[in-house]
Every structure is written in structure tokens, then in C-alpha cells.
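Asks: Quick one, input07.tsv (TSV, C-alpha atoms):
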```
chain	number	residue	atom	x	y	z
A	1	MET	CA	16.82	-16.18	-11.56
A	2	ARG	CA	16.69	-12.99	-9.50
A	3	ILE	CA	15.05	-12.83	-6.09
A	4	GLY	CA	14.56	-9.43	-4.49
A	5	VAL	CA	15.11	-9.01	-0.76
A	6	ILE	CA	13.49	-5.86	0.61
A	7	THR	CA	15.15	-3.74	3.27
A	8	PHE	CA	12.87	-1.48	5.29
A	9	PRO	CA	14.24	0.80	8.00
A	10	GLY	CA	14.48	-1.60	10.94
A	11	THR	CA	14.76	-4.79	8.89
A	12	LEU	CA	17.26	-7.21	10.48
A	13	ASP	CA	17.33	-10.40	8.47
A	14	ASP	CA	17.86	-9.09	4.94
A	15	ARG	CA	21.50	-10.22	4.85
A	16	ASP	CA	20.71	-13.75	6.00
A	17	ALA	CA	17.82	-13.91	3.55
A	18	ALA	CA	20.06	-12.75	0.69
A	19	ARG	CA	22.69	-15.30	1.67
A	20	ALA	CA	20.06	-18.06	1.79
A	21	VAL	CA	18.88	-17.04	-1.69
A	22	ASN	CA	22.43	-17.26	-3.03
A	23	VAL	CA	23.15	-20.59	-1.30
A	24	GLY	CA	19.84	-21.88	-2.71
A	25	GLY	CA	21.13	-21.17	-6.20
A	26	ALA	CA	19.44	-17.90	-7.21
A	27	GLU	CA	20.77	-14.35	-7.35
A	28	ALA	CA	19.76	-12.09	-4.46
A	29	VAL	CA	18.87	-8.53	-5.47
A	30	ALA	CA	18.70	-5.84	-2.78
A	31	LEU	CA	15.50	-3.79	-2.88
A	32	TRP	CA	15.00	-0.60	-0.84
A	33	HIS	CA	11.64	0.25	0.70
A	34	ALA	CA	11.62	3.80	-0.67
A	35	ASP	CA	12.30	2.77	-4.28
A	36	ALA	CA	9.34	2.24	-6.57
A	37	ASP	CA	11.45	-0.25	-8.53
A	38	LEU	CA	11.46	-4.06	-8.38
A	39	LYS	CA	14.62	-4.23	-10.56
A	40	LYS	CA	13.12	-6.95	-12.78
A	41	VAL	CA	13.17	-9.61	-10.07
A	42	ASP	CA	11.31	-12.90	-10.50
A	43	ALA	CA	10.29	-13.21	-6.85
A	44	VAL	CA	10.44	-11.15	-3.66
A	45	ILE	CA	11.29	-11.92	-0.04
A	46	LEU	CA	10.17	-9.69	2.82
A	47	PRO	CA	12.62	-10.54	5.61
A	48	GLY	CA	12.25	-10.36	9.36
A	49	GLY	CA	13.03	-7.53	11.73
A	50	PHE	CA	11.23	-4.54	13.15
A	51	SER	CA	10.36	-2.44	10.12
A	52	TYR	CA	9.55	1.15	11.07
A	53	GLY	CA	10.18	0.15	14.68
A	54	ASP	CA	6.97	-1.91	14.72
A	55	TYR	CA	5.24	1.42	15.40
A	56	LEU	CA	1.43	1.41	15.39
A	57	ARG	CA	1.23	-2.32	14.59
A	58	CYS	CA	3.88	-4.66	13.21
A	59	GLY	CA	3.97	-4.14	9.44
A	60	ALA	CA	1.28	-1.43	9.45
A	61	ILE	CA	3.53	1.35	8.16
A	62	SER	CA	5.72	-0.81	5.90
A	63	ARG	CA	2.61	-1.72	3.98
A	64	PHE	CA	2.52	1.83	2.57
A	65	ALA	CA	6.20	1.92	1.52
A	66	PRO	CA	6.60	2.76	-2.19
A	67	VAL	CA	8.10	-0.65	-3.00
A	68	MET	CA	5.09	-2.42	-1.44
A	69	LYS	CA	2.71	-0.93	-3.99
A	70	LEU	CA	4.67	-2.76	-6.70
A	71	VAL	CA	4.92	-5.95	-4.63
A	72	ILE	CA	1.14	-5.98	-4.11
A	73	GLU	CA	0.55	-5.46	-7.84
A	74	ALA	CA	3.07	-8.14	-8.84
A	75	ALA	CA	1.74	-10.63	-6.28
A	76	GLY	CA	-1.72	-10.13	-7.78
A	77	LYS	CA	-0.28	-11.18	-11.14
A	78	GLY	CA	1.26	-14.33	-9.65
A	79	MET	CA	4.80	-13.32	-8.70
A	80	PRO	CA	6.06	-15.48	-5.80
A	81	VAL	CA	6.36	-13.55	-2.53
A	82	LEU	CA	7.68	-14.93	0.75
A	83	GLY	CA	7.23	-12.99	4.00
A	84	ILE	CA	9.21	-14.22	6.97
A	85	CYS	CA	8.30	-13.10	10.50
A	86	ASN	CA	7.97	-9.29	10.17
A	87	GLY	CA	7.53	-9.93	6.44
A	88	PHE	CA	4.55	-12.19	7.24
A	89	GLN	CA	3.12	-9.35	9.34
A	90	VAL	CA	3.58	-6.94	6.42
A	91	LEU	CA	1.79	-9.36	4.05
A	92	CYS	CA	-1.17	-9.59	6.45
A	93	GLU	CA	-1.33	-5.81	6.86
A	94	SER	CA	-1.19	-5.54	3.05
A	95	HIS	CA	-4.14	-7.94	2.82
A	96	LEU	CA	-2.12	-10.22	0.55
A	97	LEU	CA	-2.72	-12.84	3.26
A	98	PRO	CA	-5.72	-13.13	5.59
A	99	GLY	CA	-5.62	-12.81	9.37
A	100	ALA	CA	-3.20	-10.93	11.60
A	101	LEU	CA	-0.21	-11.60	13.86
A	102	THR	CA	-0.76	-10.46	17.43
A	103	ARG	CA	1.22	-10.42	20.67
A	104	ASN	CA	2.45	-13.85	21.82
A	105	SER	CA	-0.09	-15.29	24.25
A	106	ASP	CA	2.45	-15.33	27.12
A	107	LEU	CA	3.65	-11.79	26.24
A	108	HIS	CA	7.28	-12.90	26.04
A	109	PHE	CA	9.59	-12.42	23.09
A	110	LEU	CA	10.51	-15.94	21.98
A	111	CYS	CA	13.83	-17.01	20.54
A	112	ARG	CA	14.36	-20.72	20.12
A	113	ASP	CA	14.74	-23.61	17.72
A	114	GLN	CA	11.26	-24.72	16.76
A	115	GLU	CA	10.06	-27.88	15.08
A	116	ILE	CA	7.43	-27.29	12.41
A	117	GLU	CA	5.58	-29.60	10.05
A	118	ILE	CA	5.20	-28.70	6.39
A	119	THR	CA	1.51	-29.25	5.68
A	120	ASN	CA	1.34	-27.99	2.08
A	121	ASN	CA	4.21	-28.72	-0.29
A	122	THR	CA	2.55	-27.33	-3.41
A	123	THR	CA	3.19	-23.60	-2.98
A	124	ALA	CA	5.92	-21.70	-4.83
A	125	TRP	CA	8.06	-21.82	-1.68
A	126	THR	CA	7.52	-25.36	-0.31
A	127	THR	CA	7.91	-27.89	-3.16
A	128	SER	CA	11.35	-29.04	-1.95
A	129	PHE	CA	9.72	-30.57	1.13
A	130	ALA	CA	7.75	-33.77	1.51
A	131	GLU	CA	4.23	-33.26	2.79
A	132	GLY	CA	4.31	-33.87	6.54
A	133	GLU	CA	8.08	-33.34	6.67
A	134	ARG	CA	9.26	-32.01	10.01
A	135	ILE	CA	12.04	-29.44	10.12
A	136	THR	CA	13.66	-27.46	12.93
A	137	ILE	CA	14.37	-23.76	12.33
A	138	PRO	CA	14.64	-20.70	14.60
A	139	LEU	CA	11.52	-18.94	15.85
A	140	LYS	CA	12.08	-15.43	17.20
A	141	ASN	CA	9.29	-12.94	17.60
A	142	GLY	CA	7.13	-11.01	20.02
A	143	GLU	CA	4.04	-10.83	17.82
A	144	GLY	CA	3.71	-14.27	16.28
A	145	SER	CA	0.26	-15.34	17.34
A	146	PHE	CA	-1.76	-15.97	14.18
A	147	GLN	CA	-5.35	-14.82	14.64
A	148	CYS	CA	-8.35	-14.68	12.32
A	149	ASP	CA	-12.10	-15.13	12.54
A	150	ASP	CA	-13.70	-18.60	12.52
A	151	GLN	CA	-14.84	-18.28	8.92
A	152	THR	CA	-11.35	-17.40	7.66
A	153	LEU	CA	-9.84	-20.22	9.71
A	154	ALA	CA	-12.30	-22.73	8.22
A	155	ARG	CA	-11.46	-21.51	4.71
A	156	LEU	CA	-7.71	-21.78	5.30
A	157	GLU	CA	-8.12	-25.31	6.63
A	158	ASN	CA	-10.59	-26.51	3.99
A	159	GLU	CA	-8.51	-25.12	1.14
A	160	GLY	CA	-5.24	-26.58	2.47
A	161	ARG	CA	-3.73	-23.12	2.82
A	162	VAL	CA	-1.99	-23.78	6.14
A	163	ILE	CA	1.54	-24.47	4.89
A	164	ALA	CA	3.25	-25.15	8.22
A	165	ARG	CA	2.24	-25.89	11.80
A	166	TYR	CA	4.15	-25.82	15.07
A	167	VAL	CA	4.88	-29.27	16.48
A	168	GLY	CA	4.36	-29.80	20.21
A	169	VAL	CA	3.36	-27.06	22.63
A	170	ASN	CA	1.82	-24.00	20.96
A	171	PRO	CA	4.64	-21.43	21.27
A	172	ASN	CA	2.62	-18.25	20.86
A	173	GLY	CA	-1.11	-18.95	20.94
A	174	SER	CA	-1.55	-19.16	17.15
A	175	ARG	CA	-4.91	-20.59	16.13
A	176	ASN	CA	-4.65	-24.24	15.06
A	177	LEU	CA	-0.85	-24.11	15.65
A	178	ILE	CA	-0.48	-22.14	12.41
A	179	ALA	CA	3.14	-21.21	11.61
A	180	GLY	CA	2.58	-20.28	7.97
A	181	ILE	CA	-0.16	-19.79	5.38
A	182	THR	CA	-0.52	-19.14	1.66
A	183	ASN	CA	-2.94	-17.21	-0.53
A	184	GLU	CA	-5.51	-18.84	-2.85
A	185	ARG	CA	-3.07	-18.98	-5.72
A	186	GLY	CA	-0.16	-20.40	-3.70
A	187	ASN	CA	2.34	-17.75	-4.82
A	188	VAL	CA	2.29	-15.68	-1.62
A	189	VAL	CA	3.51	-17.39	1.55
A	190	GLY	CA	3.87	-16.01	5.06
A	191	LEU	CA	5.93	-17.87	7.65
A	192	MET	CA	6.61	-16.89	11.26
A	193	PRO	CA	9.79	-18.95	11.94
A	194	HIS	CA	13.03	-18.22	10.08
A	195	PRO	CA	14.26	-20.64	7.40
A	196	GLU	CA	17.00	-18.18	6.35
A	197	HIS	CA	18.74	-18.75	9.70
A	198	ALA	CA	18.83	-22.51	9.12
A	199	ILE	CA	20.72	-23.08	5.89
A	200	ASP	CA	24.00	-24.26	7.38
A	201	PRO	CA	24.52	-26.43	10.50
A	202	LEU	CA	27.53	-24.24	11.37
A	203	THR	CA	25.30	-21.28	12.24
A	204	GLY	CA	21.80	-22.72	12.58
A	205	PRO	CA	20.04	-25.65	14.20
A	206	SER	CA	19.90	-27.42	10.82
A	207	ALA	CA	20.17	-26.77	7.10
A	208	GLN	CA	16.51	-27.64	6.68
A	209	GLY	CA	15.40	-24.07	6.05
A	210	LEU	CA	17.15	-24.12	2.69
A	211	GLY	CA	14.17	-25.94	1.19
A	212	PHE	CA	12.21	-22.68	0.97
A	213	PHE	CA	14.97	-21.15	-1.16
A	214	THR	CA	15.37	-24.14	-3.47
A	215	SER	CA	11.60	-24.58	-3.88
A	216	ILE	CA	11.38	-21.21	-5.58
A	217	LEU	CA	13.80	-22.42	-8.27
A	218	ASN	CA	11.48	-25.36	-9.00
A	219	ALA	CA	8.56	-22.95	-9.22
A	220	MET	CA	10.40	-20.84	-11.78
A	221	VAL	CA	11.61	-23.75	-13.90
A	222	LYS	CA	8.04	-25.08	-14.26
B	1	MET	CA	-8.55	24.14	17.69
B	2	ALA	CA	-10.24	20.81	18.28
B	3	ILE	CA	-9.08	17.33	19.16
B	4	ILE	CA	-10.45	14.39	17.21
B	5	VAL	CA	-10.11	11.19	19.23
B	6	VAL	CA	-9.89	7.75	17.65
B	7	ASP	CA	-10.25	4.83	20.06
B	8	VAL	CA	-9.05	1.49	18.70
B	9	MET	CA	-9.95	-1.75	20.47
B	10	LEU	CA	-9.28	-5.39	19.71
B	11	LYS	CA	-12.44	-7.18	18.59
B	12	PRO	CA	-14.04	-9.14	21.45
B	13	GLU	CA	-13.14	-12.50	19.91
B	14	ILE	CA	-9.42	-11.63	19.58
B	15	LEU	CA	-7.23	-12.79	22.45
B	16	ASP	CA	-5.82	-9.81	24.41
B	17	PRO	CA	-2.82	-11.13	26.38
B	18	GLN	CA	-1.88	-7.61	27.55
B	19	GLY	CA	-5.37	-6.99	28.94
B	20	ASN	CA	-5.28	-10.41	30.62
B	21	ALA	CA	-1.92	-9.59	32.21
B	22	VAL	CA	-3.33	-6.33	33.58
B	23	ALA	CA	-6.42	-8.17	34.85
B	24	SER	CA	-4.27	-10.64	36.76
B	25	ALA	CA	-1.99	-7.88	38.15
B	26	LEU	CA	-4.89	-5.89	39.64
B	27	PRO	CA	-5.88	-8.36	42.39
B	28	ARG	CA	-2.22	-8.77	43.34
B	29	LEU	CA	-2.30	-5.06	44.25
B	30	GLY	CA	-5.53	-5.39	46.18
B	31	PHE	CA	-7.83	-4.12	43.41
B	32	THR	CA	-10.59	-6.70	43.26
B	33	PHE	CA	-13.18	-4.89	41.16
B	34	ALA	CA	-12.30	-6.19	37.67
B	35	ASN	CA	-13.99	-9.13	35.98
B	36	SER	CA	-11.82	-8.63	32.91
B	37	VAL	CA	-9.66	-5.98	31.24
B	38	ARG	CA	-9.25	-5.18	27.55
B	39	GLN	CA	-6.45	-2.87	26.45
B	40	GLY	CA	-6.71	-0.58	23.42
B	41	LYS	CA	-5.13	2.44	21.77
B	42	ARG	CA	-6.20	6.08	21.75
B	43	PHE	CA	-5.14	8.59	19.09
B	44	GLU	CA	-5.56	12.34	19.69
B	45	ILE	CA	-5.51	14.31	16.46
B	46	GLU	CA	-5.25	18.09	16.70
B	47	ILE	CA	-6.82	20.20	13.96
B	48	ASP	CA	-7.43	23.90	13.37
B	49	GLY	CA	-10.98	25.08	14.07
B	50	GLU	CA	-14.05	22.92	14.47
B	51	PRO	CA	-14.03	19.73	12.39
B	52	THR	CA	-16.22	19.70	9.31
B	53	PRO	CA	-18.17	16.58	8.30
B	54	ALA	CA	-15.70	16.18	5.42
B	55	GLN	CA	-12.75	16.21	7.82
B	56	LEU	CA	-14.43	13.69	10.08
B	57	ALA	CA	-15.05	11.47	7.07
B	58	GLU	CA	-11.34	11.70	6.24
B	59	VAL	CA	-10.41	10.72	9.79
B	60	GLU	CA	-12.82	7.75	9.57
B	61	LYS	CA	-11.04	6.67	6.40
B	62	ALA	CA	-7.61	7.04	8.02
B	63	ALA	CA	-8.85	5.06	11.02
B	64	GLU	CA	-9.90	2.25	8.72
B	65	VAL	CA	-6.78	2.05	6.53
B	66	LEU	CA	-4.00	2.98	8.96
B	67	LEU	CA	-4.93	3.56	12.61
B	68	SER	CA	-6.74	0.23	12.97
B	69	ASN	CA	-6.45	-3.18	11.38
B	70	PRO	CA	-10.06	-4.13	10.58
B	71	VAL	CA	-9.12	-7.82	10.70
B	72	ILE	CA	-8.61	-7.70	14.46
B	73	GLU	CA	-9.70	-4.25	15.64
B	74	THR	CA	-12.65	-1.84	15.74
B	75	TYR	CA	-12.47	1.93	16.03
B	76	VAL	CA	-14.63	4.84	17.19
B	77	VAL	CA	-14.08	8.45	16.03
B	78	ARG	CA	-15.31	11.33	18.20
B	79	VAL	CA	-14.58	15.00	18.78
B	80	GLU	CA	-13.25	16.09	22.15
B	81	LYS	CA	-14.47	19.51	23.33
```
How would this structure read if it were set down as C-alpha cells?

Replies:
Amino acid sequence: MRIGVITFPGTLDDRDAARAVNVGGAEAVALWHADADLKKVDAVILPGGFSYGDYLRCGAISRFAPVMKLVIEAAGKGMPVLGICNGFQVLCESHLLPGALTRNSDLHFLCRDQEIEITNNTTAWTTSFAEGERITIPLKNGEGSFQCDDQTLARLENEGRVIARYVGVNPNGSRNLIAGITNERGNVVGLMPHPEHAIDPLTGPSAQGLGFFTSILNAMVK
Amino acid sequence: MAIIVVDVMLKPEILDPQGNAVASALPRLGFTFANSVRQGKRFEIEIDGEPTPAQLAEVEKAAEVLLSNPVIETYVVRVEK
């Protein structure tokens, strides 16, 4: 199976994401923001970084990249999409996911190993985990505070669409400790911490991030 | 030539850590007047001639889709003389 990894100008984590895809057992396919071509991929990852320099708002300009028009269309038809960090911000700006990511409540850029709890293991990207499983993966962002109105928050909670929560002290002021969410259909997932940096204990705090990249294989086999 | 100004502010219910940081810096400098501070963005858009209603409508549209994120922000469009 082929998983596209999009590179925008300013994307940083496309190589790690592609490596994680390959280690997970799929074939990573490089996609370029300016190409209106998804190269027949079965799923798409929007990696982390600072696309378009985070100008205006994080993800606000990337949303209008030619490749995003196709991603939005394909996501609407059920194609699995995972946005990590900046990718999560792009998905919110694209309105594929509700809410927005705003400046960390303490204003500092955070970079640390963060424990999260998987709270929904039924999405296209989380079936390799047990519900309630705790994993430790890197968290590194300046705008990671998940915000939305009360009504949206109640919907996310009632529909089980919070897929991961921070464990312990709230690192960035996210409402209800939200680290990741999914759409109604469960094919689009946004996650603030970085599973692609935790697929090998040699270079990451654990190999527990790999679960996101093996889950997608399960989703495709079904 | 005219300048169309778009002011973008975070909605009142959205946490504004930058505004809070400014609010707590003011008294440290001896400025004690502020109850609270909210920080926003201002866009100045230069156009030829006086803006027509159609142009202003276009700017409103741009403010909604690009200049602001309606999930967390509000905007006001006005013409600067």
C-alpha cells in the first residue's frame, strides 16, 4: 500500500514520516505541495514543520496549496489522512477537523518526551493500540493548544472523537488535555505530538509511535 | 488611493496568552491602567481609487477565508481615509 507524505515549503518532518511509513510496512510516496497529483496513494500524511513559515496563522496558507484541494476531496470520500503537529494545524485550517491550534498557554516552544493516552483505538490510524494504552513520544511545538467552542468540545467528547490526551500536567493549555482528534468518519486524524520520531529506541524515547503507521495497514486490509 | 483596514481579533472566549503576557508586563514598567489586554492583527490593504461596494465585499470574503480563522477569530473591515 502507498502512503503519500506531503512536503510544503518549510516542512521539517517529511523524511522521518516517510521512514516511519516504510518501517511500518507500507511504501512512502513523496508528494509536493504545488502538484495537483496524489500519485494514486491510499492514504496521506501531513507531517510537522513550519509550512509557509507559519505566516498569518499556522497552516493557514498551506490549506490553499494545490495538493490540499485533492486531499480535502479524497478525505471527504473516506481516504485516511493523518496530520501531525503542523499537519494537524493544516487539517483544522482546512476544516477537515474542528477547532484550532493556538499559541501554547505559557508562550514557550516546547520540545520534550510526552506521555499520552490513546482514548480511541477505532480510527484508521489507532487500531494497533489498546484503548487506554499510554505511550511516550516527542512533543515539539509553539502552537499546540487545542481550542474550540463549548458546543464543539461537547460533541467531540460525546462522540468519542478525542483520540489521545496528554497525561499529567497540561503541556500547552489544550482544552480537556486534547492531544489528538478525529473527524466523524474516523478517517482523518490530527495529532499534536510526533509518533514518527518514536519508531526506534535508538533515536526516540520509545518505538511506541510506530503503532500509528501499522494501524493504517489494518485499516486498508479490512 | 485608499487603504482598506482589516482588524482581526481572537474571540473573547479564546485564551490569549500573548495579551496576558503584555498585561502582566505593563505593571512591571509602572503602567497600572490596564485591567486586561487582548492582542490582535491589523491588515492594511492598498487599492487604487475609492473602494466600491463590490471591492469591499471581496475584502470581506478574503477576511473570512484567509485573513481570519472564523473558528477562533472575528474581523472588522473598514476604509481608512

Asks: At a cut-off of 10 Å from (-9.0, 3.1, 13.3) in the coordinates of the file, what residues are picked up using all atoms listed in the file, written as a VMD selection string?

Replies: chain B and resid 6 to 9 41 to 43 59 to 70 73 to 77

Asks: With a cut-off of 8 Å and counting all atoms listed in the file, select all residues of chain A in contact with chain B and give the selection as a list in words.

Replies: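 In the required form, that comes to Leu56, Ala60, Ile61, Glu93, Gly99, Ala100, Arg103, Asn104, Ser105, Asp106, Leu107, Gln147, Cys148 and Asp149 of chain A.
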
Asks: What separation in Å, quoted to one decimal, exists between atom CA of Ala28 of chain A and atom CA of Asp42 of chain A?

Replies: 10.4 Å

Asks: Residues near Pro47 of chain A, anyone? I mean within 6 Å using all atoms listed in the file, not counting same-chain ones fewer than 6 positions away, as a list in words.

Replies: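 Here the answer would be Asp13, Asp14, Ile84 and Gly87 of chain A.
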
Asks: Please save C-alpha atoms of the selected residues as a short mmCIF file (atom, residue, chain, number, x, y, z; two decimals), keeping the file's coordinate frame.

Replies:
```
data_model
loop_
_atom_site.label_atom_id
_atom_site.label_comp_id
_atom_site.auth_asym_id
_atom_site.auth_seq_id
_atom_site.Cartn_x
_atom_site.Cartn_y
_atom_site.Cartn_z
CA ASP A 13 17.33 -10.40 8.47
CA ASP A 14 17.86 -9.09 4.94
CA ILE A 84 9.21 -14.22 6.97
CA GLY A 87 7.53 -9.93 6.44
#
```

Asks: Excluding same-chain residues fewer than 5 positions from Gly83 of chain A, what lies within 9 Å of it counting all atoms listed in the file, as a tab-separated table (two decimals) with C-alpha atoms, in the frame of the given file?

Replies:
```tsv
chain	number	residue	atom	x	y	z
A	44	VAL	CA	10.44	-11.15	-3.66
A	45	ILE	CA	11.29	-11.92	-0.04
A	46	LEU	CA	10.17	-9.69	2.82
A	47	PRO	CA	12.62	-10.54	5.61
A	48	GLY	CA	12.25	-10.36	9.36
A	88	PHE	CA	4.55	-12.19	7.24
A	89	GLN	CA	3.12	-9.35	9.34
A	90	VAL	CA	3.58	-6.94	6.42
A	91	LEU	CA	1.79	-9.36	4.05
A	188	VAL	CA	2.29	-15.68	-1.62
A	189	VAL	CA	3.51	-17.39	1.55
A	190	GLY	CA	3.87	-16.01	5.06
A	191	LEU	CA	5.93	-17.87	7.65
A	192	MET	CA	6.61	-16.89	11.26
```

Asks: Between atom CA of Gly49 of chain A and atom CA of Lys77 of chain A, what is the distance, to one decimal in Å?

Replies: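 So the answer is 26.7 Å.
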
Asks: Only N, CA and C atoms, as an mmCIF file, in the first residue's frame: that is what I want for segment 40-71 of chain B.

Replies:
```cif
data_model
loop_
_atom_site.group_PDB
_atom_site.id
_atom_site.type_symbol
_atom_site.label_atom_id
_atom_site.label_comp_id
_atom_site.auth_asym_id
_atom_site.auth_seq_id
_atom_site.Cartn_x
_atom_site.Cartn_y
_atom_site.Cartn_z
ATOM 1 N N GLY B 40 -4.324 41.554 18.800
ATOM 2 C CA GLY B 40 -4.878 41.113 17.518
ATOM 3 C C GLY B 40 -3.951 41.434 16.369
ATOM 4 N N LYS B 41 -4.501 41.336 15.152
ATOM 5 C CA LYS B 41 -3.719 41.608 13.940
ATOM 6 C C LYS B 41 -4.426 42.684 13.138
ATOM 7 N N ARG B 42 -3.646 43.509 12.436
ATOM 8 C CA ARG B 42 -4.213 44.534 11.581
ATOM 9 C C ARG B 42 -3.597 44.398 10.188
ATOM 10 N N PHE B 43 -4.457 44.315 9.178
ATOM 11 C CA PHE B 43 -4.003 44.261 7.785
ATOM 12 C C PHE B 43 -4.342 45.594 7.131
ATOM 13 N N GLU B 44 -3.379 46.175 6.392
ATOM 14 C CA GLU B 44 -3.631 47.391 5.631
ATOM 15 C C GLU B 44 -3.501 47.050 4.159
ATOM 16 N N ILE B 45 -4.601 47.181 3.446
ATOM 17 C CA ILE B 45 -4.642 46.774 2.042
ATOM 18 C C ILE B 45 -4.792 48.011 1.173
ATOM 19 N N GLU B 46 -3.783 48.247 0.319
ATOM 20 C CA GLU B 46 -3.801 49.450 -0.513
ATOM 21 C C GLU B 46 -4.480 49.141 -1.836
ATOM 22 N N ILE B 47 -5.397 50.013 -2.247
ATOM 23 C CA ILE B 47 -6.058 49.842 -3.548
ATOM 24 C C ILE B 47 -6.027 51.169 -4.312
ATOM 25 N N ASP B 48 -6.257 51.080 -5.616
ATOM 26 C CA ASP B 48 -6.352 52.294 -6.437
ATOM 27 C C ASP B 48 -7.743 52.899 -6.274
ATOM 28 N N GLY B 49 -7.820 54.196 -6.124
ATOM 29 C CA GLY B 49 -9.113 54.889 -6.075
ATOM 30 C C GLY B 49 -9.908 54.574 -4.827
ATOM 31 N N GLU B 50 -11.132 55.055 -4.796
ATOM 32 C CA GLU B 50 -12.013 54.786 -3.658
ATOM 33 C C GLU B 50 -12.613 53.392 -3.811
ATOM 34 N N PRO B 51 -12.735 52.654 -2.698
ATOM 35 C CA PRO B 51 -13.265 51.291 -2.824
ATOM 36 C C PRO B 51 -14.751 51.274 -3.189
ATOM 37 N N THR B 52 -15.095 50.399 -4.081
ATOM 38 C CA THR B 52 -16.504 50.222 -4.450
ATOM 39 C C THR B 52 -17.121 49.202 -3.489
ATOM 40 N N PRO B 53 -18.455 49.195 -3.396
ATOM 41 C CA PRO B 53 -19.104 48.177 -2.550
ATOM 42 C C PRO B 53 -18.696 46.757 -2.943
ATOM 43 N N ALA B 54 -18.490 46.546 -4.265
ATOM 44 C CA ALA B 54 -18.098 45.203 -4.720
ATOM 45 C C ALA B 54 -16.700 44.844 -4.199
ATOM 46 N N GLN B 55 -15.796 45.834 -4.218
ATOM 47 C CA GLN B 55 -14.449 45.576 -3.704
ATOM 48 C C GLN B 55 -14.485 45.279 -2.205
ATOM 49 N N LEU B 56 -15.289 46.061 -1.495
ATOM 50 C CA LEU B 56 -15.385 45.831 -0.050
ATOM 51 C C LEU B 56 -15.952 44.445 0.249
ATOM 52 N N ALA B 57 -16.891 44.026 -0.589
ATOM 53 C CA ALA B 57 -17.467 42.680 -0.404
ATOM 54 C C ALA B 57 -16.393 41.617 -0.635
ATOM 55 N N GLU B 58 -15.523 41.860 -1.618
ATOM 56 C CA GLU B 58 -14.422 40.932 -1.882
ATOM 57 C C GLU B 58 -13.474 40.851 -0.685
ATOM 58 N N VAL B 59 -13.171 42.036 -0.120
ATOM 59 C CA VAL B 59 -12.272 42.064 1.038
ATOM 60 C C VAL B 59 -12.912 41.317 2.213
ATOM 61 N N GLU B 60 -14.218 41.511 2.400
ATOM 62 C CA GLU B 60 -14.936 40.780 3.463
ATOM 63 C C GLU B 60 -14.755 39.265 3.272
ATOM 64 N N LYS B 61 -14.885 38.844 2.017
ATOM 65 C CA LYS B 61 -14.769 37.415 1.714
ATOM 66 C C LYS B 61 -13.347 36.930 2.029
ATOM 67 N N ALA B 62 -12.354 37.725 1.595
ATOM 68 C CA ALA B 62 -10.955 37.362 1.858
ATOM 69 C C ALA B 62 -10.690 37.318 3.359
ATOM 70 N N ALA B 63 -11.300 38.258 4.094
ATOM 71 C CA ALA B 63 -11.114 38.283 5.544
ATOM 72 C C ALA B 63 -11.662 37.009 6.172
ATOM 73 N N GLU B 64 -12.765 36.516 5.604
ATOM 74 C CA GLU B 64 -13.377 35.322 6.178
ATOM 75 C C GLU B 64 -12.605 34.050 5.829
ATOM 76 N N VAL B 65 -12.120 33.934 4.584
ATOM 77 C CA VAL B 65 -11.478 32.671 4.200
ATOM 78 C C VAL B 65 -9.978 32.629 4.495
ATOM 79 N N LEU B 66 -9.312 33.792 4.484
ATOM 80 C CA LEU B 66 -7.858 33.749 4.634
ATOM 81 C C LEU B 66 -7.334 34.569 5.816
ATOM 82 N N LEU B 67 -7.754 35.844 5.893
ATOM 83 C CA LEU B 67 -7.134 36.724 6.890
ATOM 84 C C LEU B 67 -7.499 36.339 8.312
ATOM 85 N N SER B 68 -8.683 35.754 8.501
ATOM 86 C CA SER B 68 -9.064 35.312 9.849
ATOM 87 C C SER B 68 -9.425 33.836 9.816
ATOM 88 N N ASN B 69 -9.381 33.224 10.970
ATOM 89 C CA ASN B 69 -9.907 31.863 11.123
ATOM 90 C C ASN B 69 -11.185 31.987 11.933
ATOM 91 N N PRO B 70 -12.353 31.844 11.284
ATOM 92 C CA PRO B 70 -13.619 32.085 11.974
ATOM 93 C C PRO B 70 -13.856 31.182 13.192
ATOM 94 N N VAL B 71 -13.070 30.109 13.300
ATOM 95 C CA VAL B 71 -13.215 29.227 14.468
ATOM 96 C C VAL B 71 -12.777 29.946 15.745
#
```
